[in-house]
Amino acid sequence: MTTKGAKALSDTQMADKDVLIDIFTRADLIMQSDIKFRKMIGAGQLQIVYYPVRGQEVVSSAMMAAVNQEDYLVTIYRGLHDQLAKGIPSKDLWAEFAGKMAGTCKGKGGPMHITHPETGVMVTTGIVGSGIPIANGLGLASQLDKDGKVTVCCFGDGATNIGAFHEGLNMAQVWKLPVIFLCQNNLYSEHTPMSFATSSETIKQRGDGLGMRSVRVNGNDASEMYAAAKEAVEYARAGNGPTLIEAMTFRFHGHLLGDTGHYIPEAEMEQALKDDPMPILRQQLLDIQVSEADIAAIEAKNKAIIDEAAQFALDAPYPPGDEYRIDVLDVEIAA
Amino acid sequence: MSDAPKEIMFAQACNMAMAKAMADDPKVILMGEDIADEQGGGVFKVTAGLSAQFGTDRVRSTPISEQAIVGAAVGSALVGYKPVAEIMLMNFITVAMDQIVNHAAKLRFMSGGQTSVPLTIRTTTGAGTGLGGQHSDMLEAWLAHVPGLKVVAASNPCDAYGLLYSSIMDPNPVIFIENTPTYFTKGPAPTPDHVVPLGLASVPREGSDISLITYSRGVGACHAVAEKLAGEGISCEVVDLRTIAPFDEETVLKSVAKTKAAVVVHEAVKNFGTGAEISSRIHEELFSELKAPVGRVGSGYAPVPFSPAIEKAWMFSEDDIEREIRKILG
């Protein structure tokens with residue numbers, strides 16, 4: 001085991017080889033998917049709103065590598081990385097992004113509202129911060145059922161400025177719910193830098209203030225992020241309650257596709273790109289004797305999955321128009 | 001049970017319905033501010049005794065955090081629970097509207113039917129007792145406007161029992177509106193297995209000259225006016241919607257097709273109220289048969305005033321109903 005590099009925010013060791021390969025496999029799928037989505041949208045093949053995730057792949061991948069498929073996930077509209085890392089099959093996900101009947105939600109949710117209970121993805125919300133109170137409800141159900149599940153609730157730094165964050169974390173701590181609040185701190189809430197709109201220096205301080213176990217880690221470092229995730233999961237499964245993880249990361253593109261991110265200072269972006277977690281993780285694999293051929297095979301397999309999913313999404317039929325009358329209530333609404 | 005009371009109060013009926021639901025289904029849980037016995041069994045005692053009977057895991061007092069309360073109800077409902085969230089007063093739902101409107105109401109649809117949110121939100125409200133502008137609003141029209149939500153309001157203890165039980169067992173999110181000023185009025189007691197299906201209006205008084213379509217506290221007011229006008233030979237039919245959304249169009253239209261005249265009565269502010277929708281539906285279906293346009297009675301275009309003198313002037317009244325009936329029947 002080698003100790004990690006200078007960027008570490010906490011003292012952790014390199015994760016096991018199998019874990020790092022698992023994290024890389026998920027993260028590469030996310031990275032390639034993000035690139036492909038942006039390319040297809042740019043080429044006019046898909047007309048959808050899209051919130052890029054490039055730069056945040058490792059945070060989700062390390063987090064989801066530390067939980068099981070039956071554990072729950074609540075995430076937000078910038079959620080592609082979380083959803084893929086949690087294991088939603090690419091075909092189902094791509095078809096939903098494209099608004100097709102074969103999508104996870106029959107095309108009725110779209111990119112901002114992905115649900116896939118088979119992989120534990122229970123809610124994707126388009127309202128900043130509002131997943132937090134719902135994650136508590138999932139955690140409450142697990143606590144009452146004693147089923148040992150944990151709920152991972154993802155949100156950004158901007159969400160910590162909305163009331164739901166404070167109400168939700170307070171209740172989770174009071175009730176000791178098995179929820180991991182994963183704040184992916186990419187330093188920008190939409191176009192606004194954290195320094196402009198957030199009173200505390202760190203998000204961790206806010207968790208501390210609520211009496212919650214809170215940690216701040218370099219989310220872009222697979223080993224450090226995984227260690228924090230695993231510890232929080234074990235803490236929750238043991239019945240000790242929630243953890244707030246502030247995972248430092250960065251968003252390489254604008255708030256949504258089409259936003260140039262002009263408000264991000266050049267030097268800040270340059271540094272962030274130098275610290276791109278993906279080549280770093282790839283190099284770490286090489287360093288621990290994963291062969292170039294093995295890594296290339298993972299990348300090729302991911303590419304094939306994505307190519308197939310993208311084509312499937314393009315070819316699949318749209319839902320019939322009167323699908324809008326179904327799933328409003330438990331019974332079909334009359335025409 | 002021969003010693004069972006023949007009459008019970010509205011608040012008791014709600015308590016009994018929750019007790020029955022909890023006994024019938026271990027997935028029914030309650031949460032809200034001060035609802036457990038240690039905190040007083042609810043500010044109006046509607047949940048009194050339930051935590052003693054079912055434990056504080058299932059009857060949970062919460063922080064004053066309305067969106068966290070409704071969010072916890074939404075989340076637990078997604079995975080098999082039938083939570084009943086108490087939002088102490090209806091004005092406080094404003095704080096939880098994101099959870100109610102964007103999540104409870106929409107998750108079934110947005111998930112393509114993969115998940116559902118079988119929660120009930122109990123909330124109480126009602127003007128006339130000097131609680132002022134933020135503790136007495138009737139906000140049912142906002143909620144009735146949201147696809148995916150059911151909105152229920154009982155007018156008597158027996159219906160409250162049967163409707164609340166149905167609301168808790170319903171696979172959809174339901175807003176159950178209780179009326180604070182009538183919490184402690186008595187009515188005939190239900191039998192333990194009494195159930196009132198959602199979406200079904202009742203006709204507690206039959207008549208031939210005009211239909212008074214109403215719900216909640218409007219039902220008592222309409223009965224009083226109907227009784228008074230009966231002395232003059234005016235025959236009023238009273239339709240109690242019971243479920244406001246989706247409302248029982250069949251019963252409403254059948255009644256108005258018979259009487260050929262109608263007034264919609266509610267305590268909520270008249271402008272953009274549920275009366276507008278109900279009146280409009282009647283016009284769409286029965287316009288050419290009506291003796292006169294459908295009338296509406298509601299409260300004034302102002303926040304609920306504090307001073308009793310202004311509150312009385314602002315609030316819908318039996319006089320307003322009577323005046324509207326006379327106008328329509330000429």
# chains A, B, ... in the order shown; residues from 1 in each chain; ligands from 1

call {"tool": "select_by_dssp", "arguments": {"residues": "region 151-308 of chain A", "states": "strand (DSSP E)", "output": "MDAnalysis selection string"}}
result
chainID A and resid 151:156 179:185 188:189 192:193 213:218 243:248

call {"tool": "write_last_selection", "arguments": {"atoms": "C-alpha atoms", "output": "mmCIF file, in the first residue's frame"}}
result
data_model
loop_
_atom_site.group_PDB
_atom_site.id
_atom_site.type_symbol
_atom_site.label_atom_id
_atom_site.label_comp_id
_atom_site.auth_asym_id
_atom_site.auth_seq_id
_atom_site.Cartn_x
_atom_site.Cartn_y
_atom_site.Cartn_z
ATOM 1 C CA THR A 151 -29.652 5.994 1.307
ATOM 2 C CA VAL A 152 -27.161 8.138 -0.588
ATOM 3 C CA CYS A 153 -28.409 11.672 -1.205
ATOM 4 C CA CYS A 154 -26.430 13.719 -3.721
ATOM 5 C CA PHE A 155 -26.554 17.481 -4.113
ATOM 6 C CA GLY A 156 -24.232 20.360 -4.796
ATOM 7 C CA VAL A 179 -28.486 8.482 5.125
ATOM 8 C CA ILE A 180 -25.244 9.658 3.532
ATOM 9 C CA PHE A 181 -25.501 13.254 2.436
ATOM 10 C CA LEU A 182 -23.001 13.579 -0.377
ATOM 11 C CA CYS A 183 -22.352 17.219 -1.172
ATOM 12 C CA GLN A 184 -20.437 17.283 -4.444
ATOM 13 C CA ASN A 185 -18.815 20.638 -3.983
ATOM 14 C CA TYR A 188 -20.221 26.788 -8.421
ATOM 15 C CA SER A 189 -23.960 26.964 -7.841
ATOM 16 C CA THR A 192 -22.280 31.766 -8.896
ATOM 17 C CA PRO A 193 -19.043 30.917 -7.090
ATOM 18 C CA ARG A 213 -20.721 13.561 11.668
ATOM 19 C CA SER A 214 -19.169 15.542 8.815
ATOM 20 C CA VAL A 215 -16.062 15.061 6.714
ATOM 21 C CA ARG A 216 -14.395 16.982 3.922
ATOM 22 C CA VAL A 217 -12.420 15.036 1.336
ATOM 23 C CA ASN A 218 -10.859 15.345 -2.074
ATOM 24 C CA THR A 243 -22.833 11.524 7.666
ATOM 25 C CA LEU A 244 -22.311 14.640 5.614
ATOM 26 C CA ILE A 245 -19.505 14.151 3.117
ATOM 27 C CA GLU A 246 -18.246 17.310 1.483
ATOM 28 C CA ALA A 247 -16.479 15.969 -1.591
ATOM 29 C CA MET A 248 -14.363 18.583 -3.333
#

call {"tool": "interface_residues", "arguments": {"of": "chain A", "to": "chain B", "cutoff": "10 Å", "atoms": "only C-alpha atoms", "output": "PyMOL selection string"}}
result
chain A and resi 74+101+103-110+112-118+122-127+130-145+163-172+174-175+323-331

call {"tool": "atom_distance", "arguments": {"atom1": "CA of Leu164 (chain B)", "atom2": "CA of Asn179 (chain B)"}}
result
13.3 Å

call {"tool": "residues_around", "arguments": {"residues": "region 59-67 of chain A", "least_positions_apart": "6", "cutoff": "8 Å", "atoms": "only C-alpha atoms", "output": "list in words"}}
result
Val19, Asp22, Ile23, Phe24, Arg26, Ala27, His81, Asp82, Ala85, Lys86, Val150, Gln184, Gly219, Asn220, Asp221, Ala222, Ser223, Met225, Tyr226, Ala229, Lys230, Val233, Ala247 and Thr249 of chain A

call {"tool": "atom_distance", "arguments": {"atom1": "CA of Glu178 (chain B)", "atom2": "CA of Glu237 (chain B)"}}
result
23.7 Å
